[in-house]
Amino acid sequence: MARLGVDYYPEQWPRARWEQDADLMAEAGISIVRIAEFAWSELEPSPGTFAFDWLDEAIDLLAARGLAIVLGTPTAAPPAWLVEAHPEILPRRADRRLHGFGHRRHYCPNQPAMHAATRRIVAALGEHYGKDERIEAWQIDNELMGRCTCDACLARFHDWLRGRYGSIDALNESWGTVFWSQRYDDFAQVPLPELGQVPPYGFGREAPSPSLALDYRRFTSDSHIAFLRLQVGELRPRIGPQQRITTNLMGFKFAEIDYHALSAEIDVVAWDNYPLLDPTGRWSSPALAADAMRGLKRAPFWVLEQQTGAVGWEVLRTPRRGQMRLHSYQAIAHGAELVSYFRWRTARFGTEQHWYGVLDAHGRPGRRYHELAELGRELEQVAGALDGAEPVSVAALLHDYDSRFALQIQPTNPSLGYEETVQRHYEAVRRLGVGVDVLAPTAPLSEYRLVVAPNLYVVDEALAAALHGYVEAGGTLVLAPRAGVKDRCNVVPELPFPALLAGLAGVEVVDVASVLDADPVQFAGVDGGPDGAFHGWYEQVEPAADARALAIYEDGEFAETPAIVSHPVGDGRVLYVAGAADQATLDRLYRAVAPEAGIAVAELPDGVECIQLRGAETLLVLLNHADEERDVPLDGGRRDLLAGVDHDRSIRLAPFGVAVLAPVRAAIGAEK
Amino acid sequence: MARLGVDYYPEQWPRARWEQDADLMAEAGISIVRIAEFAWSELEPSPGTFAFDWLDEAIDLLAARGLAIVLGTPTAAPPAWLVEAHPEILPRRADRRLHGFGHRRHYCPNQPAMHAATRRIVAALGEHYGKDERIEAWQIDNELMGRCTCDACLARFHDWLRGRYGSIDALNESWGTVFWSQRYDDFAQVPLPELGQVPPYGFGREAPSPSLALDYRRFTSDSHIAFLRLQVGELRPRIGPQQRITTNLMGFKFAEIDYHALSAEIDVVAWDNYPLLDPTGRWSSPALAADAMRGLKRAPFWVLEQQTGAVGWEVLRTPRRGQMRLHSYQAIAHGAELVSYFRWRTARFGTEQHWYGVLDAHGRPGRRYHELAELGRELEQVAGALDGAEPVSVAALLHDYDSRFALQIQPTNPSLGYEETVQRHYEAVRRLGVGVDVLAPTAPLSEYRLVVAPNLYVVDEALAAALHGYVEAGGTLVLAPRAGVKDRCNVVPELPFPALLAGLAGVEVVDVASVLDADPVQFAGVDGGPDGAFHGWYEQVEPAADARALAIYEDGEFAETPAIVSHPVGDGRVLYVAGAADQATLDRLYRAVAPEAGIAVAELPDGVECIQLRGAETLLVLLNHADEERDVPLDGGRRDLLAGVDHDRSIRLAPFGVAVLAPVRAAIGAEK
Amino acid sequence: MARLGVDYYPEQWPRARWEQDADLMAEAGISIVRIAEFAWSELEPSPGTFAFDWLDEAIDLLAARGLAIVLGTPTAAPPAWLVEAHPEILPRRADRRLHGFGHRRHYCPNQPAMHAATRRIVAALGEHYGKDERIEAWQIDNELMGRCTCDACLARFHDWLRGRYGSIDALNESWGTVFWSQRYDDFAQVPLPELGQVPPYGFGREAPSPSLALDYRRFTSDSHIAFLRLQVGELRPRIGPQQRITTNLMGFKFAEIDYHALSAEIDVVAWDNYPLLDPTGRWSSPALAADAMRGLKRAPFWVLEQQTGAVGWEVLRTPRRGQMRLHSYQAIAHGAELVSYFRWRTARFGTEQHWYGVLDAHGRPGRRYHELAELGRELEQVAGALDGAEPVSVAALLHDYDSRFALQIQPTNPSLGYEETVQRHYEAVRRLGVGVDVLAPTAPLSEYRLVVAPNLYVVDEALAAALHGYVEAGGTLVLAPRAGVKDRCNVVPELPFPALLAGLAGVEVVDVASVLDADPVQFAGVDGGPDGAFHGWYEQVEPAADARALAIYEDGEFAETPAIVSHPVGDGRVLYVAGAADQATLDRLYRAVAPEAGIAVAELPDGVECIQLRGAETLLVLLNHADEERDVPLDGGRRDLLAGVDHDRSIRLAPFGVAVLAPVRAAIGAEK
């Protein structure tokens with residue numbers, strides 16, 4: 001069963017309060033506490049002098065009440081004495097200005113003085129707590145992020161390029177530096193690319209080489225991973241085998257670090273789940289994030305920060321009543337083993353005063369505390385059923401950081417945004433009640449009936465071959481426009497698009513339309529394909545002889561040519577969607593495609609999410625994200641484990657309501 | 001009676017023109033001229049060499065025609081020779097770039113070289129003109145403003161903090177620097193906070209400590225005040241007792257300097273009144289500004305720059321015909337003893353070519369000149385009645401710079417904007433024809449029947465006690481949401497909101513909703529309270545046993561709980577408005593509240609402002625801010641002193657029309 | 001006949017491909033190839049070592065197929081070795097940050113090291129290719145642009161000012177530096193002005209002196225021209241008389257360089273024509289650009305970059321089918337002798353991967369290639385008729401860079417935007433089928449029946465006299481608001497507006513209205529004048545005794561006074577339009593004015609452009625810019641040379657269709 005936790009900062013409250021806090025946690029059913037990240041200045045008040053006594057005392061208190069500990073390394077907040085002695089550790093922002101002391105994350109991950117100070121504090125923590133059985137896990141740093149442009153980064157970037165290309169000639173060749181006379185005689189001549197907004201005219205209007213820009217993004221991602229590895233290297237020899245190492249990632253929307261690469265360095269994936277930080281408020285947003293995080297290791301994950309109340313630094317947004325519970329169930333149903341609420345008590349000072357915790361700043365238990373305690377009781381009630389239950393996924397969605405980075409550099413058309421496109425495809429599949437694993441393109445795919453690959457912009461031969469193998473063996477693959485447009489150097493292959501995927505997709509793109517602020521182009525389904533519309537971007541394709549159209553443009557410049565093409569390959573088939581499809585179109589498309597791929601689909605009302613879990617028995621978790629009641633049809637009698645009531649043909653969900661249904665007859669959705 | 005003046009730059013025009021200008025001024029009824037601010041390079045052409053002859057000559061000419069002089073110190077425009085010799089005086093902007101020569105205000109108020117040069121020119125002016133009886137007053141500098149981030153400011157900030165906190169431990173404790181390991185070992189480690197826009201991701205996204213950010217704002221405010229004091233210190237020993245010292249402030253909307261603190265340093269409050277610079281164009285905007293300026297010393301004030309024509313640097317806005325006269329009467333009715341028009345003649349060169357004066361750049365008297373002369377004649381006509389008349393205020397509005405600064409740092413919700421919230425409450429009271437004094441929270445309040453305290457975000461115990469005393473003695477106090485949220489260090493008290501005011505308000509906030517782009521929440525009045533709506537921010541409150549609801553939420557998450565609470569305290573009562581109320585709601589609220597507070601209210605058509613003055617007799621000034629005619633009901637016969645006509649039951653005002661009414665029977669509005 | 005060309009980068013493609021490219025070009029009817037601009041690092045791989053063999057080989061190959069060469073100097077892309085040796089050549093942007101290596105145009109035109117390197121490469125190219133008869137022309141650099149703020153520019157600016165003003169006293173007098181104490185003791189004290197966005201409050205809010213800002217704009221323009229002249233100076237002595245020198249300008253919308261001054265330095269005017277970069281998509285936009293470019297030397301011009309497909313760096317826009325052909329005909333009809341398509345083949349790497357060429361990146365001939373070849377065949381078909389034919393213009397439009405620069409500094413009102421105002425007037429005349437020459441104000445005007453001078457903001461006495469002479473001799477001159485507002489120092493004359501033009505215009509402006517976001521003011525035509533409306537800006541004028549109103553304000557503050565005034569001067573007349581007129585108003589105005597000026601007008605459907613050409617016979621080129629069919633009435637039988645069909649009373653144009661009509665009877669439009 002998923003455990004509940006809280007993020008606790010004892011150093012920010014009087015010692016006299018600690019027992020009361022620990023008692024309140026235990027009474028609410030909390031079983032784990034994250035602690036000490038950001039506490040560097042308390043743990044090492046002056047260089048090399050450590051003060052662990054207060055932390056020992058806090059851990060004693062918590063552990064005495066049965067609470068386990070996730071211990072953070074405090075490197076996201078270097079103390080004033082370190083910055084004073086080594087101002088060079090301050091990172092430079094995209095505009096080359098220093099990011100100074102007085103915030104957090106005010107360090108460059110490539111600075112030697114930061115490395116030395118990090119090794120010292122992490123080693124000391126490892127020595128002190130590495131054998132402590134009350135410590136269940138370590139969180140390295142906090143929300144790694146940022147692209148630094150300091151001189152140390154420039155020098156390290158040159159090394160990184162040397163390691164990747166070997167010779168400057170190879171780099172010149174790979175990047176095509178003959179363009180605009182950008183040929184380099186030496187790695188030392190390579191600049192960091194300009195980032196961020198550029199003025200409409202004049203100097204600075206120029207965009208950097210896409211190849212340079214992509215490698216810089218990879219380099220900054222690798223820099224954070226290397227910094228993480230440095231800490232793991234200090235901890236691993238000092239900690240016991242029962243202690244796991246993690247770090248708190250930032251879900252799907254954050255796109256500065258290749259989490260596929262990062263997750264190889266840690267024992268368990270953890271992330272921070274703030275549904276309200278997504279201004280669209282779509283339910284599929286935390287769902288996609290959770291599936292993406294689970295996909296990093298294809299394993300259950302932890303939520304180390306779960307939203308409890310209003311969040312924001314300058315401006316707050318408050319969740320609706322019931323959403324804390326709803327989003328907790330959502331996280332658990334998608335694979336969370338641990339849900340730790342940020343933060344135990346609202347801060348009285350500092351930047352995050354508006355980031356509401358379980359308790360208000362005044363410290364008296366209130367609505368959120370009682371809701372959390374109630375949730376703890378509920379979870380015990382369904383613990384038996386949920387124990388060991390894991391989400392069932394018959395579909396996979398391919399998630400590629402190279403493509404994301406490359407599209408950050410050249411967005412091409414607003415309708416092709418990576419995050420939005422992936423989310424539309426994901427939501428269309430999830431609305432059918434079908435589980436989705438979100439995976440790196442290199443993941444094994446044979447177990448999935450359907451593989452969705454929107455915006456697979458960067459492709460190499462190995463990937464093309466793997467996808468071919470998947471389809472040939474009977475899989476169904478959906479490709480969307482701008483597949484195969486770039487190689488790994490962000491260079492366009494000398495082939496008609498989708499280039500290395502053209503043979504597999506059974507199409508060649510012969511013309512494109514990229515329009516802004518225009519009406520959508522309409523198409524009509526044929527042969528079982530869906531009616532629909534593309535916005536902003538659409539293509540004219542020439543189908544291979546053995547391909548057939550599933551939809552035909554009704555208007556626009558490509559009228560009467562195929563808008564969606566189906567191509568049989570071996571025992572499987574590939575669908576090529578030739579434009580940026582809107583949500584309704586994708587909903588129809590996947591509803592048409594799924595049965596042919598052997599996937600059973602559900603009829604779900606708007607706003608209702610359905611997650612199928614397989615444990616001792618197969619469960620359905622129904623989540624009503626709407627603020628109105630919803631009636632959900634059932635395909636047979638089911639028992640609601642939370643309400644303790646049986647339902648025959650349908651179940652009524654309250655606004656933001658949740659049901660955990662045990663099976664009586666056949667389940668919604670196919671099993672894989 | 002209010003005098004009329006002009007702002008004149010003889011140095012910008014040929015000597016041969018001066019007599020004609022002085023003649024034209026005198027003929028138009030002008031009696032005072034502001035002169036010489038910005039003229040540093042003409043007064044001190046090279047370091048230590050002074051050239052006062054041209055100014056003597058100009059003053060001779062003006063005085064010969066009966067015009068008195070307000071003499072500016074020219075420090076807002078340091079000359080090129082000073083910047084060349086001391087480039088360090090150039091201020092650094094929020095983005096740390098220099099604000100270079102070629103504009104104005106290109107000095108940091110904390111730079112020693114600027115101090116030395118300032119002392120020299122001000123002392124020389126004081127020596128030369130200090131005993132000159134034609135000089136009525138001194139204007140120090142011009143529109144003090146700007147937040148500098150140079151190294152001198154950083155060093156001075158450290159001194160300022162040392163003075164405020166005594167020890168670095170005290171600062172750490174007060175600010176809560178344990179948050180994010182921001183503990184300082186020494187004042188020298190404290191940085192200036194980041195200001196301005198931050199990128200959505202990456203380094204620099206972090207907001208600084210609210211405590212640091214608030215103290216920096218106080219420090220920059222104090223820096224300007226200290227620079228003003230330095231000039232006063234040079235002038236005071238050199239000038240005669242008849243000469244008064246002032247500076248031109250910027251009304252209510254400007255929020256970089258604590259004008260309550262500043263005004264203690266000067267003899268008379270003066271400000272610059274440009275109604276068209278407020279893009280909303282609301283009539284209550286210059287009215288609020290005037291009342292706020294009058295409140296600084298609770299005394300009549302001067303307008304040293306009053307709009308005459310189109311204004312703007314890059315893009316112009318022109319006033320409507322009649323608005324110059326209308327806004328002049330508005331300023332006078334709110335307490336202006338002097339209205340000086342900016343500027344005498346439109347500039348032919350320099351940044352302000354689009355800032356239209358009384359004359360056009362071509363110099364021939366035109367429409368605006370003739371309107372000004374006509375206004376002068378009108379004012380003479382009502383001089384007897386207006387002489388010594390002062391606005392009658394039975395209500396006070398509390399205006400707190402600490403709260404403004406703190407909300408700049410954490411706006412919380414767009415609906416809680418300090419300036420907008422204050423203006424809505426102010427306008428609601430003023431629409432009743434009720435006079436308002438806008439005062440520092442520390443002002444004595446006993447004489448007011450109603451005290452309005454919107455956005456009293458920062459509160460300390462002394463203030464809480466003073467408000468309690470006011471209410472207990474029979475006053476009516478209106479509090480709005482987010483009262484008492486912070487202490488003077490911008491730290492949240494360990495108490496349920498409104499914290500130190502909870503006992504007085506008779507409520508505790510138990511939950512909050514902060515929503516963006518959502519429908520308003522509705523409530524219904526009970527027990528005489530108003531119907532209405534909150535937008536963006538609203539709270540659930542628990543009333544004290546002796547409190548009663550005046551309105552109940554009809555929908556939203558807090559439905560059926562109180563939206564407005566009335567709490568009797570001693571002989572008075574407190575109203576707590578639990579959300580961000582729109583204008584219509586506040587209009588209804590104050591119309592309901594005023595009679596219970598013993599305040600008589602008027603029925604005024606939309607756009608008509610009514611100011612009650614008490615002089616030899618009680619006058620009503622009616623201002624029609626609408627561009628259509630308006631009929632205003634009268635509560636008895638009155639004589640229009642401008643038109644020389646008697647009215648019985650009502651008066652018709654022309655578009656942008658003005659009436660000055662002498663009493664026959666009872667006045668509109670209660671007297672205090 | 002106009003020739004077709006392509007822009008080709010052989011250095012970006014394998015040597016083995018070159019023959020195929022040359023063959024394909026020749027087969028498509030291409031007769032000229034632009035080459036080698038941006039190839040600096042290939043032509044001079046290390047300082048002073050030249051590698052021209054590859055270019056020789058490419059030229060051999062192309063010339064062997066009859067293709068002539070336009071050879072670019074590569075200075076827009078300084079190589080890495082130059083930047084490494086002389087980092088000081090990197091320009092500083094408006095925000096004072098360096099524009100670094102990794103883009104293009106990364107040089108300051110005033111840096112000595114850049115001058116030296118430029119001389120060396122240009123001289124070497126001149127030596128090598130100067131006598132080569134296959135080289136038809138030289139393109140200097142590429143799209144000169146940018147305003148640098150480096151120290152070398154500051155020093156050069158001081159020299160430039162010294163040259164212009166002689167003494168610092170003269171500068172002080174001319175600029176009016178007495179304003180805000182900005183008087184300079186020495187040229188070395190003059191700063192570069194602040195450019196770009198300024199924060200709404202605080203330091204940096206101040207706008208610089210308009211006189212300083214105007215001279216800086218002139219200086220940066222002159223800097224680019226001087227850099228061009230430096231290259232011409234190296235080439236001219238080394239090249240044969242058959243070789244012409246040009247550079248590729250950027251049409252009308254680009255406003256950083258005074259193209260009138262620049263064009264005196266080159267033999268033929270060339271520009272880059274990307275209709276889709278104008279977000280409004282108006283057909284008059286490339287038409288105006290072409291007429292402005294033709295007007296620079298009053299001679300036919302070249303298009304060195306013509307759009308073929310989608311363009312954009314980050315985001316693409318694709319033209320509609322048929323627009324490549326349509327825009328090619330438009331360019332030719334407006335005077336293009338050469339239309340060279342950018343680029344031959346879409347780049348596989350580098351910043352411009354999304355800038356689509358004739359071929360796709362994959363290199364196989366597709367739709368655009370075949371359309372180009374078809375266009376080549378069509379053009380041969382009409383070659384006889386078009387040979388030597390030139391556009392007929394009876395109207396001239398005055399285009400003044402001083403006024404543009406001055407309005408960049410003080411836009412005054414959004415409705416007065418220079419580019420938009422000129423385009424509205426231009427389009428109104430062109431909709432009548434009337435040809436327009438777009439000329440410097442100093443151009444001889446006697447041959448034109450109508451001269452349109454919108455936004456003639458900066459005026460001196462010579463210009464006023466020339467315009468007077470034109471009208472006196474029988475011309476019709478149209479002036480719009482804000483004429484004559486400034487002198488050449490950006491200072492306001494001491495005269496009622498339109499100042500030096502007031503006598504000619506027969507009006508004096510006595511009041512102005514500048515409103516934002518307001519309803520338009522309406523006026524009614526009298527005496528043959530048009531009904532219409534002004535938006536944002538309008539003026540009250542006092543007509544001279546011999547002037548008469550053509551329209552009278554119906555509402556607003558100036559109701560019942562003239563909105564348009566006609567003033568007879570000698571044998572001609574002047575129309576003064578007293579506000580910012582919208583398109584429909586101007587359409588009516590010019591339709592009323594043209595016949596009185598002796599100009600015949602056509603009735604053209606919306607979106608249809610008509611260009612009259614005079615060659616061996618008078619031709620009409622009809623261009624349907626609409627995506628629907630259009631019927632165009634004819635004033636007599638005409639033969640469509642493209643379709644080979646005769647038309648009697650009208651012709652139907654396909655969407656984006658083109659017709660080239662030979663005369664049978666009288667032509668549309670008057671002849672001059």
# chains A, B, ... in the order shown; residues from 1 in each chain; ligands from 1
>>> closest_atom_pairs(of="chain A", to="chain C", cutoff="8 Å", atoms="only C-alpha atoms", output="Markdown table")
| residue | atom | partner | partner_atom | distance |
| --- | --- | --- | --- | --- |
| A:Trp175 | CA | C:Phe349 | CA | 6.7 |
| A:Gly176 | CA | C:Phe349 | CA | 5.5 |
| A:Thr177 | CA | C:Gly350 | CA | 7.2 |
| A:Val178 | CA | C:Gln12 | CA | 6.2 |
| A:Phe179 | CA | C:Gly350 | CA | 5.7 |
| A:Trp180 | CA | C:Phe38 | CA | 5.0 |
| A:Ser181 | CA | C:Ser41 | CA | 4.9 |
| A:Gln182 | CA | C:Pro79 | CA | 6.3 |
| A:Arg183 | CA | C:Ser41 | CA | 6.6 |
| A:Tyr184 | CA | C:Ala80 | CA | 6.0 |
| A:Asp185 | CA | C:Trp81 | CA | 7.3 |
| A:Gln189 | CA | C:Ala80 | CA | 6.6 |
| A:Val190 | CA | C:Gly102 | CA | 7.9 |
| A:Pro191 | CA | C:Phe101 | CA | 6.6 |
| A:Pro193 | CA | C:Gly102 | CA | 7.0 |
| A:Tyr201 | CA | C:Gly146 | CA | 7.4 |
| A:Gly202 | CA | C:Gly146 | CA | 4.1 |
| A:Phe203 | CA | C:Gly146 | CA | 5.3 |
| A:Gly204 | CA | C:His99 | CA | 5.6 |
| A:Glu206 | CA | C:His103 | CA | 5.6 |
| A:Ala207 | CA | C:Thr351 | CA | 6.2 |
| A:Pro208 | CA | C:His103 | CA | 5.4 |
| A:Ser209 | CA | C:Gly350 | CA | 4.9 |
| A:Pro210 | CA | C:Gly350 | CA | 6.1 |
| A:Ser211 | CA | C:Gly350 | CA | 7.3 |
| A:Ile409 | CA | C:Glu314 | CA | 6.9 |
| A:Gln410 | CA | C:Glu314 | CA | 4.4 |
| A:Pro411 | CA | C:Glu314 | CA | 5.5 |
| A:Thr412 | CA | C:Val315 | CA | 4.1 |
| A:Asn413 | CA | C:Val315 | CA | 5.1 |
| A:Pro414 | CA | C:Val315 | CA | 7.5 |
| A:Asn490 | CA | C:Phe349 | CA | 7.5 |
| A:Val491 | CA | C:Phe349 | CA | 5.0 |
| A:Val492 | CA | C:Arg348 | CA | 4.7 |
| A:Pro493 | CA | C:Arg348 | CA | 7.0 |
| A:Glu494 | CA | C:His362 | CA | 4.3 |
| A:Leu495 | CA | C:His362 | CA | 4.7 |
| A:Pro496 | CA | C:His362 | CA | 5.7 |
| A:Val510 | CA | C:Gly366 | CA | 7.5 |
| A:Asp511 | CA | C:Arg367 | CA | 7.9 |
| A:Val512 | CA | C:Thr318 | CA | 7.6 |
| A:Ala513 | CA | C:Thr318 | CA | 5.6 |
| A:Ser514 | CA | C:Arg317 | CA | 5.1 |
| A:Val515 | CA | C:Arg317 | CA | 5.6 |
| A:Leu516 | CA | C:Arg317 | CA | 7.2 |
| A:Glu557 | CA | C:Arg321 | CA | 7.2 |
>>> select_by_dssp(residues="segment 453-496 of chain C", states="strand (DSSP E)", output="PDB file with N, CA, C and O atoms, in the first residue's frame")
ATOM      1  N   ALA C 453       2.659  63.098 -49.769  1.00  0.00           N
ATOM      2  CA  ALA C 453       3.726  63.261 -48.771  1.00  0.00           C
ATOM      3  C   ALA C 453       3.191  63.025 -47.365  1.00  0.00           C
ATOM      4  O   ALA C 453       3.089  63.938 -46.556  1.00  0.00           O
ATOM      5  N   THR C 476      -0.306  68.713 -57.828  1.00  0.00           N
ATOM      6  CA  THR C 476      -1.200  68.474 -56.700  1.00  0.00           C
ATOM      7  C   THR C 476      -0.396  67.772 -55.606  1.00  0.00           C
ATOM      8  O   THR C 476       0.216  66.728 -55.869  1.00  0.00           O
ATOM      9  N   LEU C 477      -0.408  68.358 -54.423  1.00  0.00           N
ATOM     10  CA  LEU C 477       0.372  67.821 -53.303  1.00  0.00           C
ATOM     11  C   LEU C 477      -0.575  67.471 -52.166  1.00  0.00           C
ATOM     12  O   LEU C 477      -1.409  68.294 -51.795  1.00  0.00           O
ATOM     13  N   VAL C 478      -0.442  66.263 -51.631  1.00  0.00           N
ATOM     14  CA  VAL C 478      -1.240  65.859 -50.474  1.00  0.00           C
ATOM     15  C   VAL C 478      -0.335  65.772 -49.253  1.00  0.00           C
ATOM     16  O   VAL C 478       0.648  65.030 -49.260  1.00  0.00           O
ATOM     17  N   LEU C 479      -0.683  66.546 -48.244  1.00  0.00           N
ATOM     18  CA  LEU C 479       0.029  66.507 -46.963  1.00  0.00           C
ATOM     19  C   LEU C 479      -0.870  65.892 -45.901  1.00  0.00           C
ATOM     20  O   LEU C 479      -2.087  66.066 -45.931  1.00  0.00           O
TER      21      LEU C 479
END
>>> residues_around(residues="Asp215 of chain A", least_positions_apart="5", cutoff="10 Å", atoms="only C-alpha atoms", output="number ranges by chain")
A: 157, 160-161, 164, 175, 192-193, 210, 220-221, 402, 405-406, 488-490
>>> select_by_dssp(residues="segment 339-461 of chain A", states="helix (DSSP H, G or I)", output="mmCIF file with C-alpha atoms, in the first residue's frame")
data_model
loop_
_atom_site.group_PDB
_atom_site.id
_atom_site.type_symbol
_atom_site.label_atom_id
_atom_site.label_comp_id
_atom_site.auth_asym_id
_atom_site.auth_seq_id
_atom_site.Cartn_x
_atom_site.Cartn_y
_atom_site.Cartn_z
ATOM 1 C CA ARG A 367 -9.158 21.455 7.409
ATOM 2 C CA ARG A 368 -6.174 20.172 5.477
ATOM 3 C CA TYR A 369 -4.813 18.273 8.450
ATOM 4 C CA HIS A 370 -8.110 16.588 9.060
ATOM 5 C CA GLU A 371 -8.543 15.718 5.406
ATOM 6 C CA LEU A 372 -5.109 14.156 5.395
ATOM 7 C CA ALA A 373 -5.879 12.110 8.485
ATOM 8 C CA GLU A 374 -9.142 10.973 6.931
ATOM 9 C CA LEU A 375 -7.315 9.975 3.765
ATOM 10 C CA GLY A 376 -4.894 7.952 5.851
ATOM 11 C CA ARG A 377 -7.810 6.055 7.394
ATOM 12 C CA GLU A 378 -9.383 5.448 3.971
ATOM 13 C CA LEU A 379 -6.158 4.099 2.591
ATOM 14 C CA GLU A 380 -5.895 1.591 5.406
ATOM 15 C CA GLN A 381 -9.354 0.449 4.480
ATOM 16 C CA ALA A 383 -4.789 -1.389 1.779
ATOM 17 C CA GLY A 384 -5.432 -5.049 1.273
ATOM 18 C CA ALA A 385 -6.762 -4.600 -2.232
ATOM 19 C CA LEU A 386 -4.171 -2.029 -3.340
ATOM 20 C CA TYR A 401 14.392 14.345 -24.807
ATOM 21 C CA ASP A 402 16.476 14.903 -27.937
ATOM 22 C CA SER A 403 13.283 15.714 -29.821
ATOM 23 C CA ARG A 404 12.140 18.038 -27.037
ATOM 24 C CA PHE A 405 15.442 19.886 -26.958
ATOM 25 C CA ALA A 406 15.483 20.177 -30.757
ATOM 26 C CA LEU A 407 11.939 21.540 -30.841
ATOM 27 C CA GLN A 408 12.770 24.060 -28.130
ATOM 28 C CA ILE A 409 15.312 25.406 -30.605
ATOM 29 C CA PRO A 414 2.915 26.670 -32.429
ATOM 30 C CA SER A 415 0.666 23.686 -33.074
ATOM 31 C CA LEU A 416 3.655 21.335 -32.892
ATOM 32 C CA TYR A 418 6.206 18.957 -27.862
ATOM 33 C CA GLU A 419 4.490 18.947 -24.493
ATOM 34 C CA GLU A 420 1.062 19.850 -25.858
ATOM 35 C CA THR A 421 1.238 17.329 -28.673
ATOM 36 C CA VAL A 422 2.274 14.504 -26.380
ATOM 37 C CA GLN A 423 -0.438 15.432 -23.928
ATOM 38 C CA ARG A 424 -3.158 15.430 -26.581
ATOM 39 C CA HIS A 425 -2.189 11.956 -27.774
ATOM 40 C CA TYR A 426 -1.814 10.702 -24.214
ATOM 41 C CA GLU A 427 -5.170 12.054 -23.138
ATOM 42 C CA ALA A 428 -6.918 10.597 -26.168
ATOM 43 C CA VAL A 429 -5.691 7.117 -25.227
ATOM 44 C CA ARG A 430 -6.365 7.570 -21.524
ATOM 45 C CA GLU A 461 18.901 4.191 -37.628
#
>>> residues_around(residues="Glu136 of chain B", least_positions_apart="5", cutoff="10 Å", atoms="only C-alpha atoms", output="mmCIF file with C-alpha atoms, in the first residue's frame")
data_model
loop_
_atom_site.group_PDB
_atom_site.id
_atom_site.type_symbol
_atom_site.label_atom_id
_atom_site.label_comp_id
_atom_site.auth_asym_id
_atom_site.auth_seq_id
_atom_site.Cartn_x
_atom_site.Cartn_y
_atom_site.Cartn_z
ATOM 1 C CA ILE B 32 3.732 82.564 -8.745
ATOM 2 C CA VAL B 33 6.441 81.042 -10.911
ATOM 3 C CA ARG B 34 8.497 77.923 -10.301
ATOM 4 C CA ALA B 68 6.502 85.380 -6.512
ATOM 5 C CA ILE B 69 9.136 82.690 -7.011
ATOM 6 C CA VAL B 70 9.475 79.019 -6.101
ATOM 7 C CA LEU B 71 13.136 78.270 -6.647
ATOM 8 C CA GLY B 130 18.226 82.879 1.040
ATOM 9 C CA GLY B 240 14.934 83.596 5.849
ATOM 10 C CA PRO B 241 11.993 82.443 7.955
ATOM 11 C CA GLN B 242 9.506 83.460 5.289
ATOM 12 C CA GLN B 243 10.970 80.964 2.802
ATOM 13 C CA ARG B 244 9.397 77.530 2.917
ATOM 14 C CA ILE B 245 10.960 74.263 1.744
#
>>> residues_around(residues="Leu249 of chain B", least_positions_apart="5", cutoff="10 Å", atoms="only C-alpha atoms", output="count of residues only")
18
